[in-house]
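Structure record follows, encoded as structure tokens.
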Amino acid sequence: MGIYEELVARGLIAQVTDEERIRDLVNNGKATFYIGFDPTADSLHVGHFMALCLMKRLQMAGNKPIALLGGGTGMIGDPSGRTDMRQMLTPEQIQHNIDCFKVQMSRFIDFSDDKALMVNNADWLMDLNYIEVLREIGPHFSVNRMLTAECYKQRMEKGLSFLEFNYMIMQAYDFYVLYEKYGCNMEFGGDDQWSNMLAGTELIRRKLGKDAFAMTINLLLNSEGKKMGKTVGGAVWLDPNKTSPFDFYQYWRNVADADVLKCIRMLTFLPLEQVDEMDSWEGAQLNRAKEILAFELTSLVHGEEEAKKAEAGAKALFSTGSAENMPEAKLSDDDFKDGKIDILQILVSAELAASRSEARRAVEQGGVTVNGEKVTDVKTMYEAGDFSEEFIVRKGKKKFAKVVM
């Protein structure tokens, strides 16, 4: 089985521009492909995770990845899948985020000995002359056709700014530059990027008379998987300082029964033969499948040692209630009033609830415990001395933290 056939078997491919040519390129290690990452935050998140794993799979098969950091496109903001305009970032914020991305990407991709490239589209986009772009690139884009693109549809009702309207042109120009400068013959991305990717292949063919190809990932984290971006503190980040290895492990340990085998197939590097054997698993076996998924993905992102700690911590928590390796939430003096803190503030400060009203509902519905004892009174108060011993607060079955001073 070639790598292309493996990608199909894992359910990773949504659509391609020329399947026969793409299969030949990737199976023979002749693809130089890129995936773009706009630096909208100071950490990659699970929404990027599948793309990074795909790059790793293809590199292992002899193909050459290009990680394109959007220092230029990040100044505009991708309107795909959004109902409002993204927050404008300063150049300093963008550069900081890029620096963070570089460190995290190196855990997945081997950039040594020209095996992969990491480039920043600010290197060519920031110096473009507006009139030259209009003359050289503008004639190759039909406004009528652009307006039918899926990536713009959600913005049309509220109003699509001219700033964002240019995003497709910038992304297409990226592909054109990468083709010319690095011989990049293929672009991969999420299925929400299809219109932008087709624009790039079309621009190359019109300008250069050459073939370029596009392939979209059947992003588990793009369609149904946008639900896979929420956990105790918000998004699930790859940065351990933003989402601890324990929380990362728990996130995957708690996926729905219906999703676990699909996630194992698409996201782990376990042999397909082993994954196929799991297809018949049901009942209690699915819990074992979730443990396998959580361990494999935590190992990929944080290393095997952290994955073992997270696994041990999770098992200890559910068998004995031990707080070993459990994520900690540290209270500050500002959390206390007159030397006391109520259960609602504890839940908010520990990021187990987004607001006091959410915390109140959890308590009133009987979903909050402290050291195994259910808390039913929203006015329950604690003093600083209560946190000198082990203080484990849990909200529901899946959210918990060891609270310390």
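Each chain in the structure tokens gets a letter, A, B and so on, in the order shown; residues start at 1 in every chain, and ligands are counted from 1 in the order they appear.
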Just want the 8 Å neighbourhood of region 355-364 of chain A, counted on only C-alpha atoms, with same-chain residues fewer than 4 positions away dropped. Output as JSON, numbers by chain. {"A": [344, 345, 347, 348, 368, 375, 376, 377, 378, 395, 396]}
Step one, run DSSP on the backbone; step two, keep only residues of region 91-154 of chain A assigned to helix (DSSP H, G or I); then write them as a PyMOL selection string. chain A and resi 91-105+112-114+122-125+130-136+138-140+143-147+150-154
Same residues, N, CA and C atoms, saved as a short mmCIF file (atom, residue, chain, number, x, y, z; two decimals), in the first residue's frame:
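Generated output (part.cif):
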```cif
data_model
loop_
_atom_site.label_atom_id
_atom_site.label_comp_id
_atom_site.auth_asym_id
_atom_site.auth_seq_id
_atom_site.Cartn_x
_atom_site.Cartn_y
_atom_site.Cartn_z
N PRO A 91 2.09 43.82 14.11
CA PRO A 91 3.24 43.07 13.60
C PRO A 91 4.04 42.39 14.70
N GLU A 92 4.12 43.03 15.86
CA GLU A 92 4.86 42.45 16.98
C GLU A 92 4.16 41.19 17.50
N GLN A 93 2.84 41.24 17.60
CA GLN A 93 2.08 40.06 18.04
C GLN A 93 2.24 38.91 17.05
N ILE A 94 2.17 39.23 15.78
CA ILE A 94 2.29 38.21 14.74
C ILE A 94 3.66 37.55 14.80
N GLN A 95 4.71 38.36 14.96
CA GLN A 95 6.06 37.79 15.01
C GLN A 95 6.24 36.91 16.25
N HIS A 96 5.70 37.33 17.37
CA HIS A 96 5.78 36.52 18.59
C HIS A 96 5.09 35.18 18.37
N ASN A 97 3.91 35.20 17.76
CA ASN A 97 3.17 33.97 17.51
C ASN A 97 3.93 33.06 16.56
N ILE A 98 4.56 33.64 15.55
CA ILE A 98 5.36 32.86 14.60
C ILE A 98 6.51 32.16 15.32
N ASP A 99 7.17 32.87 16.20
CA ASP A 99 8.28 32.29 16.95
C ASP A 99 7.82 31.08 17.77
N CYS A 100 6.62 31.19 18.34
CA CYS A 100 6.06 30.08 19.12
C CYS A 100 5.72 28.89 18.21
N PHE A 101 5.15 29.17 17.04
CA PHE A 101 4.81 28.12 16.09
C PHE A 101 6.04 27.32 15.68
N LYS A 102 7.13 28.03 15.43
CA LYS A 102 8.35 27.37 14.94
C LYS A 102 8.81 26.29 15.91
N VAL A 103 8.79 26.60 17.19
CA VAL A 103 9.24 25.64 18.20
C VAL A 103 8.34 24.41 18.20
N GLN A 104 7.02 24.63 18.16
CA GLN A 104 6.09 23.52 18.24
C GLN A 104 6.12 22.65 16.99
N MET A 105 6.26 23.26 15.83
CA MET A 105 6.28 22.49 14.58
C MET A 105 7.47 21.54 14.50
N SER A 112 15.83 19.37 9.29
CA SER A 112 17.27 19.27 9.06
C SER A 112 17.58 18.87 7.62
N ASP A 113 18.76 19.25 7.15
CA ASP A 113 19.28 18.80 5.85
C ASP A 113 18.31 19.02 4.70
N ASP A 114 17.59 20.13 4.73
CA ASP A 114 16.68 20.50 3.64
C ASP A 114 15.55 19.47 3.43
N ALA A 122 5.29 36.82 4.76
CA ALA A 122 5.57 38.25 4.89
C ALA A 122 6.78 38.64 4.03
N ASP A 123 7.67 37.68 3.76
CA ASP A 123 8.87 37.96 2.98
C ASP A 123 8.54 38.43 1.57
N TRP A 124 7.39 38.05 1.03
CA TRP A 124 7.03 38.54 -0.31
C TRP A 124 5.76 39.38 -0.32
N LEU A 125 4.82 39.11 0.58
CA LEU A 125 3.57 39.87 0.55
C LEU A 125 3.74 41.31 1.03
N TYR A 130 0.98 47.67 -4.92
CA TYR A 130 -0.45 47.49 -5.13
C TYR A 130 -0.83 47.53 -6.62
N ILE A 131 -0.30 48.51 -7.34
CA ILE A 131 -0.62 48.64 -8.76
C ILE A 131 -0.12 47.43 -9.54
N GLU A 132 1.07 46.96 -9.19
CA GLU A 132 1.62 45.79 -9.87
C GLU A 132 0.76 44.56 -9.63
N VAL A 133 0.26 44.42 -8.40
CA VAL A 133 -0.61 43.29 -8.10
C VAL A 133 -1.89 43.37 -8.93
N LEU A 134 -2.48 44.56 -9.01
CA LEU A 134 -3.70 44.73 -9.79
C LEU A 134 -3.47 44.35 -11.26
N ARG A 135 -2.33 44.75 -11.81
CA ARG A 135 -2.04 44.50 -13.22
C ARG A 135 -1.62 43.05 -13.49
N GLU A 136 -0.80 42.50 -12.60
CA GLU A 136 -0.24 41.19 -12.86
C GLU A 136 -1.11 40.04 -12.38
N GLY A 138 -4.54 40.61 -10.73
CA GLY A 138 -5.97 40.92 -10.81
C GLY A 138 -6.69 40.35 -12.02
N PRO A 139 -6.12 40.41 -13.24
CA PRO A 139 -6.84 39.91 -14.42
C PRO A 139 -7.15 38.41 -14.37
N HIS A 140 -6.49 37.66 -13.50
CA HIS A 140 -6.70 36.22 -13.43
C HIS A 140 -7.79 35.81 -12.44
N VAL A 143 -14.40 38.33 -10.17
CA VAL A 143 -15.11 38.74 -8.95
C VAL A 143 -16.38 37.91 -8.78
N ASN A 144 -17.09 37.69 -9.88
CA ASN A 144 -18.33 36.89 -9.80
C ASN A 144 -18.03 35.50 -9.25
N ARG A 145 -16.95 34.91 -9.72
CA ARG A 145 -16.59 33.57 -9.26
C ARG A 145 -16.14 33.59 -7.81
N MET A 146 -15.39 34.62 -7.42
CA MET A 146 -14.93 34.72 -6.04
C MET A 146 -16.11 34.81 -5.08
N LEU A 147 -17.14 35.53 -5.47
CA LEU A 147 -18.28 35.73 -4.58
C LEU A 147 -19.07 34.45 -4.33
N GLU A 150 -17.12 29.21 -1.13
CA GLU A 150 -17.65 28.78 0.16
C GLU A 150 -17.06 29.58 1.31
N CYS A 151 -15.77 29.96 1.17
CA CYS A 151 -15.10 30.64 2.28
C CYS A 151 -15.68 32.03 2.55
N TYR A 152 -16.45 32.58 1.60
CA TYR A 152 -17.02 33.91 1.80
C TYR A 152 -18.50 33.88 2.19
N LYS A 153 -19.14 32.73 2.03
CA LYS A 153 -20.60 32.68 2.17
C LYS A 153 -21.10 33.14 3.53
N GLN A 154 -20.43 32.70 4.59
CA GLN A 154 -20.91 33.05 5.93
C GLN A 154 -20.74 34.53 6.24
#
```
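Take CA of Thr32 (chain A) and CA of His48 (chain A): the distance between them is 19.4 Å.
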List as an NGL selection string the protein and nucleic acid residues near Phe246 (chain A), meaning an atom at most 10 Å away when only C-alpha atoms are counted, but skip any in the same chain fewer than 3 places from it. :A and (240 or 243 or 249-251 or 294 or 298 or 306-314 or 325-327)
Same residues, C-alpha atoms, saved as a JSON list (two decimals), in the first residue's frame:
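Contents of again25.json, freshly written:
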```
[["chain", "number", "residue", "atom", "x", "y", "z"],
["A", 240, "PRO", "CA", 1.78, 22.62, 27.72],
["A", 243, "THR", "CA", -3.21, 23.07, 28.07],
["A", 249, "TYR", "CA", -4.71, 13.42, 27.66],
["A", 250, "GLN", "CA", -8.09, 13.78, 29.34],
["A", 251, "TYR", "CA", -9.51, 15.61, 26.34],
["A", 294, "ALA", "CA", -5.10, 9.59, 24.49],
["A", 298, "THR", "CA", -0.16, 12.88, 24.13],
["A", 306, "GLU", "CA", 4.53, 13.08, 29.91],
["A", 307, "ALA", "CA", 2.02, 10.70, 28.34],
["A", 308, "LYS", "CA", 2.87, 8.06, 30.96],
["A", 309, "LYS", "CA", 2.44, 10.60, 33.76],
["A", 310, "ALA", "CA", -0.91, 11.72, 32.38],
["A", 311, "GLU", "CA", -2.09, 8.13, 31.98],
["A", 312, "ALA", "CA", -1.03, 7.25, 35.53],
["A", 313, "GLY", "CA", -2.65, 10.41, 36.89],
["A", 314, "ALA", "CA", -5.93, 9.67, 35.13],
["A", 325, "ASN", "CA", -0.17, 14.36, 38.25],
["A", 326, "MET", "CA", -3.49, 16.20, 38.28],
["A", 327, "PRO", "CA", -3.45, 19.74, 36.84]]
```
Non-local contacts of region 25-29 of chain A (7 Å; only C-alpha atoms; under 6 positions in same chain excluded) as a list in words: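 Contacts, with the query itself left out: Gly2, Ile3, Tyr4, Ala61, Gly62 and Asn63 of chain A.
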So that I have them on file, write out the residues from the current selection with N, CA and C atoms, as a CSV table (one decimal), in the first residue's frame.
```csv
chain,number,residue,atom,x,y,z
A,2,GLY,N,0.7,2.2,-1.0
A,2,GLY,CA,1.4,3.4,-1.0
A,2,GLY,C,0.8,4.4,0.0
A,3,ILE,N,1.6,5.5,0.3
A,3,ILE,CA,1.1,6.5,1.2
A,3,ILE,C,-0.2,7.1,0.9
A,4,TYR,N,-0.4,7.3,-0.4
A,4,TYR,CA,-1.7,7.9,-0.9
A,4,TYR,C,-2.9,6.9,-0.5
A,61,ALA,N,7.3,9.3,4.0
A,61,ALA,CA,7.2,8.6,2.8
A,61,ALA,C,8.2,9.3,1.7
A,62,GLY,N,9.0,10.2,2.1
A,62,GLY,CA,10.0,10.8,1.2
A,62,GLY,C,9.6,12.1,0.6
A,63,ASN,N,8.4,12.6,0.9
A,63,ASN,CA,8.0,13.9,0.3
A,63,ASN,C,8.5,15.1,1.1
```
Contacts of Lys262 (chain A) at 9 Å (only C-alpha atoms; same-chain gap of 4+ positions) as an NGL selection string: :A and (10-11 or 220 or 258 or 266-267)
Quick one, how far is CA of Lys115 (chain A) from CA of Ile204 (chain A)? 24.2 Å
Measure the distance from CA of Ala14 (chain A) to CA of Asp276 (chain A) in Å and round it to one decimal. 20.5 Å
A:Val255, A:Ala350, A:Leu203, A:Met278: which is nearest Ile137 (chain A), counting only C-alpha atoms?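 Using only C-alpha atoms, the shortest distance to Ile137 (chain A) belongs to A:Leu203.
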Choose the residue, out of A:Asp42, A:Glu202, A:Asp24, A:Asp211, that has the smallest atom-to-atom separation from Glu5 (chain A); count only C-alpha atoms.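 Of the candidates, the smallest distance to Glu5 (chain A) is held by A:Asp24.
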Just checking: using only C-alpha atoms, which residue out of A:Val8, A:Met381, A:Ala149, A:Ala284 ends up closest to Asp192 (chain A)?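 Closest to Asp192 (chain A), using only C-alpha atoms: A:Ala149.
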8 Å contact set for Ala401 (chain A), only C-alpha atoms, chain neighbours under 2 positions out, as a PyMOL selection string: chain A and resi 326-329+350+352+392-394+399+403
Looking only at the backbone, which of the residues in region 233-343 of chain A does DSSP tag as strand (DSSP E), as a ChimeraX atom specification? /A:328-330,340-342
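The residue set within 9 Å of Asn121 (chain A), counting only C-alpha atoms and dropping same-chain residues fewer than 2 places from it, reads Leu68, Leu69, Gly70, Gly71, Gly72, Thr73, Val119, Asp123, Trp124, Leu125, Met126 and Asp174 of chain A.
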Filtering to C-alpha atoms, could you give me those residues as a compact mmCIF listing (two decimals), in the first residue's frame?
```txt
# COMPACT_ATOMS: atom_id res chain seq x y z
CA LEU A 68 4.13 28.37 5.45
CA LEU A 69 3.80 30.82 8.32
CA GLY A 70 1.33 33.57 7.53
CA GLY A 71 3.18 36.66 8.67
CA GLY A 72 1.61 38.49 5.72
CA THR A 73 -1.83 36.90 5.45
CA VAL A 119 8.96 30.06 5.28
CA ASP A 123 8.87 37.96 2.98
CA TRP A 124 7.03 38.54 -0.31
CA LEU A 125 3.57 39.87 0.55
CA MET A 126 4.71 42.87 2.59
CA ASP A 174 1.56 32.32 -1.94
```
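If only C-alpha atoms are the atoms counted, then among A:Leu54, A:Ala353, A:Met215, A:Val301 the closest residue to Phe400 (chain A) is A:Ala353.
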